[in-house]
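Structure, as structure tokens:
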Amino acid sequence: MCKSVDIKVTEMSGCILLLQAWAFTRMPIISPVAPLQSPYPYARRWCIKKLDYQNNPRHHLQGYRFRIDHMLQDQFIWRSYLGLAPQRHEDSLIWSSTTYIICFHIVEMHQTDRVKLQFGHLQGIPEEARCLAEHHKMTTIKARQKAYTTLYSDEQNCWLHRELFTLDGDQLQTEEKPSNEYMQWYHSLPHRYASYGQFLTDPRQNQHAPTQASGSQ
């Protein structure tokens, strides 16, 4: 995902269907309307015919960006699966672990401490995000030059002890929204929008400026 947000990147790998289901479930403002009787598994509900795109963008990048940039804080669903009890509660605790996710030479950070609301915990102002710039320089060729057991040994050790890095505190029984303190911090960030500047202005705020008549002094 980190490499895929580069403007020069035109492709991405992985389970795109899972990413789509995550986005459409939590951001209904960009999701097409699916039939009430959805097929199994859950993610297939947006892979069937006759979806309703009347009030949502479809295959339009700027349309998706526009909707997300203008989304209100109560339009994001943090706990879309609230009420669905996991089969094993102890396994669900591991989901909140702030740890490294490793797939061969690819390393990403499961930064759960920055999205605590998604896991049923109150969200304070998060610490600085961990930078994995050096990890992203690793390629398949470079990885072959090292033994896999020694490649990212610290990160692998963190993953093996992931139960030590789960979020603290009891889970909330209801979905909470970001606090005023958090939103003030969020609005202080310099880069918050995906759209170009001309798509962020409200045309109702544009005032007509009278033009000077041709030939007038």
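FYI, nothing fancy with the structure tokens labels: chains A, B, ... in order, residues from 1 per chain, ligands from 1 as they appear.
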Can you check which parts of stretch 127-194 of chain A lie within 10 Å of stretch 89-111 of chain A? Per residue, the shortest pair of atoms and distance in Å to one decimal, counting only C-alpha atoms, sorted by chain and number, as a Markdown table.
```
| residue | atom | partner | partner_atom | distance |
| --- | --- | --- | --- | --- |
| A:Ala129 | CA | A:Gln111 | CA | 7.7 |
| A:Arg130 | CA | A:Met109 | CA | 7.6 |
| A:Cys131 | CA | A:Met109 | CA | 8.9 |
| A:Leu132 | CA | A:Glu108 | CA | 7.4 |
| A:His135 | CA | A:Val107 | CA | 6.4 |
| A:His136 | CA | A:Ile106 | CA | 7.3 |
| A:Lys137 | CA | A:Ile106 | CA | 9.5 |
| A:Met138 | CA | A:His105 | CA | 6.7 |
| A:Thr139 | CA | A:His105 | CA | 6.9 |
| A:Thr140 | CA | A:His105 | CA | 6.6 |
| A:Ile141 | CA | A:His105 | CA | 9.6 |
| A:Lys142 | CA | A:His105 | CA | 8.8 |
| A:Ala143 | CA | A:His105 | CA | 6.1 |
| A:Arg144 | CA | A:His105 | CA | 9.0 |
| A:Tyr148 | CA | A:Phe104 | CA | 7.9 |
| A:Leu151 | CA | A:His105 | CA | 8.0 |
| A:Tyr152 | CA | A:His105 | CA | 8.5 |
| A:Asp154 | CA | A:Tyr100 | CA | 9.7 |
| A:Glu155 | CA | A:Tyr100 | CA | 6.0 |
| A:Gln156 | CA | A:Tyr100 | CA | 7.5 |
| A:Asn157 | CA | A:Tyr100 | CA | 9.3 |
| A:Cys158 | CA | A:Thr99 | CA | 6.3 |
| A:Trp159 | CA | A:Tyr100 | CA | 5.9 |
| A:Leu160 | CA | A:Thr99 | CA | 9.4 |
| A:His161 | CA | A:Thr99 | CA | 8.9 |
| A:Arg162 | CA | A:Ser97 | CA | 5.9 |
| A:Glu163 | CA | A:Ile94 | CA | 6.0 |
| A:Leu164 | CA | A:Ser97 | CA | 7.7 |
| A:Phe165 | CA | A:Ser97 | CA | 5.0 |
| A:Thr166 | CA | A:Ser97 | CA | 3.9 |
| A:Leu167 | CA | A:Ser96 | CA | 5.8 |
| A:Asp168 | CA | A:Ser96 | CA | 9.4 |
| A:Gln171 | CA | A:Leu93 | CA | 9.9 |
```
Just C-alpha atoms for this one: save the residues we selected as a PDB file, in the first residue's frame.
```
ATOM      1  CA  ALA A 129       3.876   7.178  12.483  1.00  0.00           C
ATOM      2  CA  ARG A 130       6.726   4.730  12.035  1.00  0.00           C
ATOM      3  CA  CYS A 131       8.673   5.374   8.852  1.00  0.00           C
ATOM      4  CA  LEU A 132       9.542   2.290   6.795  1.00  0.00           C
ATOM      5  CA  HIS A 135      12.323  -1.256   4.299  1.00  0.00           C
ATOM      6  CA  HIS A 136      10.676  -0.161   1.065  1.00  0.00           C
ATOM      7  CA  LYS A 137      14.056   0.021  -0.642  1.00  0.00           C
ATOM      8  CA  MET A 138      14.406  -3.740  -0.304  1.00  0.00           C
ATOM      9  CA  THR A 139      13.913  -5.680  -3.534  1.00  0.00           C
ATOM     10  CA  THR A 140      13.667  -9.368  -4.341  1.00  0.00           C
ATOM     11  CA  ILE A 141      17.229  -9.358  -5.685  1.00  0.00           C
ATOM     12  CA  LYS A 142      18.632  -7.703  -2.558  1.00  0.00           C
ATOM     13  CA  ALA A 143      16.687 -10.075  -0.314  1.00  0.00           C
ATOM     14  CA  ARG A 144      18.208 -13.116  -2.043  1.00  0.00           C
ATOM     15  CA  TYR A 148      15.834 -15.069   5.360  1.00  0.00           C
ATOM     16  CA  LEU A 151      16.550 -10.532   7.196  1.00  0.00           C
ATOM     17  CA  TYR A 152      14.456  -8.242   9.401  1.00  0.00           C
ATOM     18  CA  ASP A 154      13.946  -7.538  14.841  1.00  0.00           C
ATOM     19  CA  GLU A 155      10.717  -7.196  12.886  1.00  0.00           C
ATOM     20  CA  GLN A 156      10.213 -10.962  12.875  1.00  0.00           C
ATOM     21  CA  ASN A 157      10.738 -11.064  16.629  1.00  0.00           C
ATOM     22  CA  CYS A 158       8.104  -8.344  17.055  1.00  0.00           C
ATOM     23  CA  TRP A 159       5.660 -10.412  15.003  1.00  0.00           C
ATOM     24  CA  LEU A 160       6.374 -13.576  16.996  1.00  0.00           C
ATOM     25  CA  HIS A 161       5.509 -11.692  20.199  1.00  0.00           C
ATOM     26  CA  ARG A 162       2.585  -9.745  18.725  1.00  0.00           C
ATOM     27  CA  GLU A 163       0.352 -10.583  21.694  1.00  0.00           C
ATOM     28  CA  LEU A 164       2.466  -8.136  23.720  1.00  0.00           C
ATOM     29  CA  PHE A 165       1.571  -5.204  21.466  1.00  0.00           C
ATOM     30  CA  THR A 166      -2.225  -5.350  21.469  1.00  0.00           C
ATOM     31  CA  LEU A 167      -4.223  -2.247  22.378  1.00  0.00           C
ATOM     32  CA  ASP A 168      -4.793  -1.749  26.099  1.00  0.00           C
ATOM     33  CA  GLN A 171     -13.436  -2.509  24.292  1.00  0.00           C
TER      34      GLN A 171
END
```
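The closest residue to A:Asp52, picked from A:Phe66, A:Met71, A:Lys116, A:Ser31 and counting only C-alpha atoms, is A:Ser31.
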How close does stretch 21-118 of chain A get to stretch 186-192 of chain A? List, as JSON lines, each residue of stretch 21-118 of chain A within 12 Å, its nearest atom pair and the distance in Å to one decimal, counting only C-alpha atoms.
```
{"residue": "A:Arg65", "atom": "CA", "partner": "A:Arg192", "partner_atom": "CA", "distance": 11.3}
{"residue": "A:Ile68", "atom": "CA", "partner": "A:Arg192", "partner_atom": "CA", "distance": 10.4}
{"residue": "A:Asp69", "atom": "CA", "partner": "A:Arg192", "partner_atom": "CA", "distance": 8.0}
{"residue": "A:His70", "atom": "CA", "partner": "A:Arg192", "partner_atom": "CA", "distance": 10.9}
{"residue": "A:Met71", "atom": "CA", "partner": "A:Arg192", "partner_atom": "CA", "distance": 11.8}
{"residue": "A:Gln73", "atom": "CA", "partner": "A:Tyr186", "partner_atom": "CA", "distance": 11.1}
{"residue": "A:Arg114", "atom": "CA", "partner": "A:Tyr186", "partner_atom": "CA", "distance": 11.6}
```
Residues within 8 Å of stretch 122-124 of chain A, only C-alpha atoms, excluding chain neighbours under 6 positions, as a tab-separated table (two decimals) with N, CA, C and O atoms, in the first residue's frame:
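Output below, filename part.tsv:
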```tsv
chain	number	residue	atom	x	y	z
A	114	ARG	N	-3.05	4.10	15.62
A	114	ARG	CA	-3.50	5.32	14.98
A	114	ARG	C	-4.97	5.24	14.55
A	114	ARG	O	-5.53	6.24	14.09
A	115	VAL	N	-5.57	4.06	14.65
A	115	VAL	CA	-6.98	3.87	14.29
A	115	VAL	C	-7.68	3.05	15.38
A	115	VAL	O	-8.34	2.06	15.10
A	116	LYS	N	-7.53	3.47	16.61
A	116	LYS	CA	-8.07	2.71	17.74
A	116	LYS	C	-9.59	2.57	17.68
A	116	LYS	O	-10.15	1.58	18.16
A	176	GLU	N	-17.86	4.80	18.65
A	176	GLU	CA	-17.58	6.18	19.01
A	176	GLU	C	-16.97	6.90	17.81
A	176	GLU	O	-16.40	6.28	16.92
A	178	PRO	N	-14.49	10.36	16.44
A	178	PRO	CA	-13.31	11.09	16.92
A	178	PRO	C	-13.70	12.24	17.84
A	178	PRO	O	-14.71	12.91	17.63
A	179	SER	N	-12.89	12.47	18.84
A	179	SER	CA	-13.14	13.55	19.80
A	179	SER	C	-12.80	14.90	19.17
A	179	SER	O	-12.12	14.98	18.14
A	181	GLU	N	-10.79	17.05	20.41
A	181	GLU	CA	-9.34	17.21	20.53
A	181	GLU	C	-8.63	16.55	19.35
A	181	GLU	O	-7.70	17.11	18.76
A	182	TYR	N	-9.08	15.35	18.99
A	182	TYR	CA	-8.47	14.65	17.87
A	182	TYR	C	-8.70	15.40	16.56
A	182	TYR	O	-7.79	15.53	15.74
```
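Closest approach to A:Gln173 among A:Leu61, A:Cys15, A:Leu200, A:Leu117 is made by A:Leu117 (distances from only C-alpha atoms).
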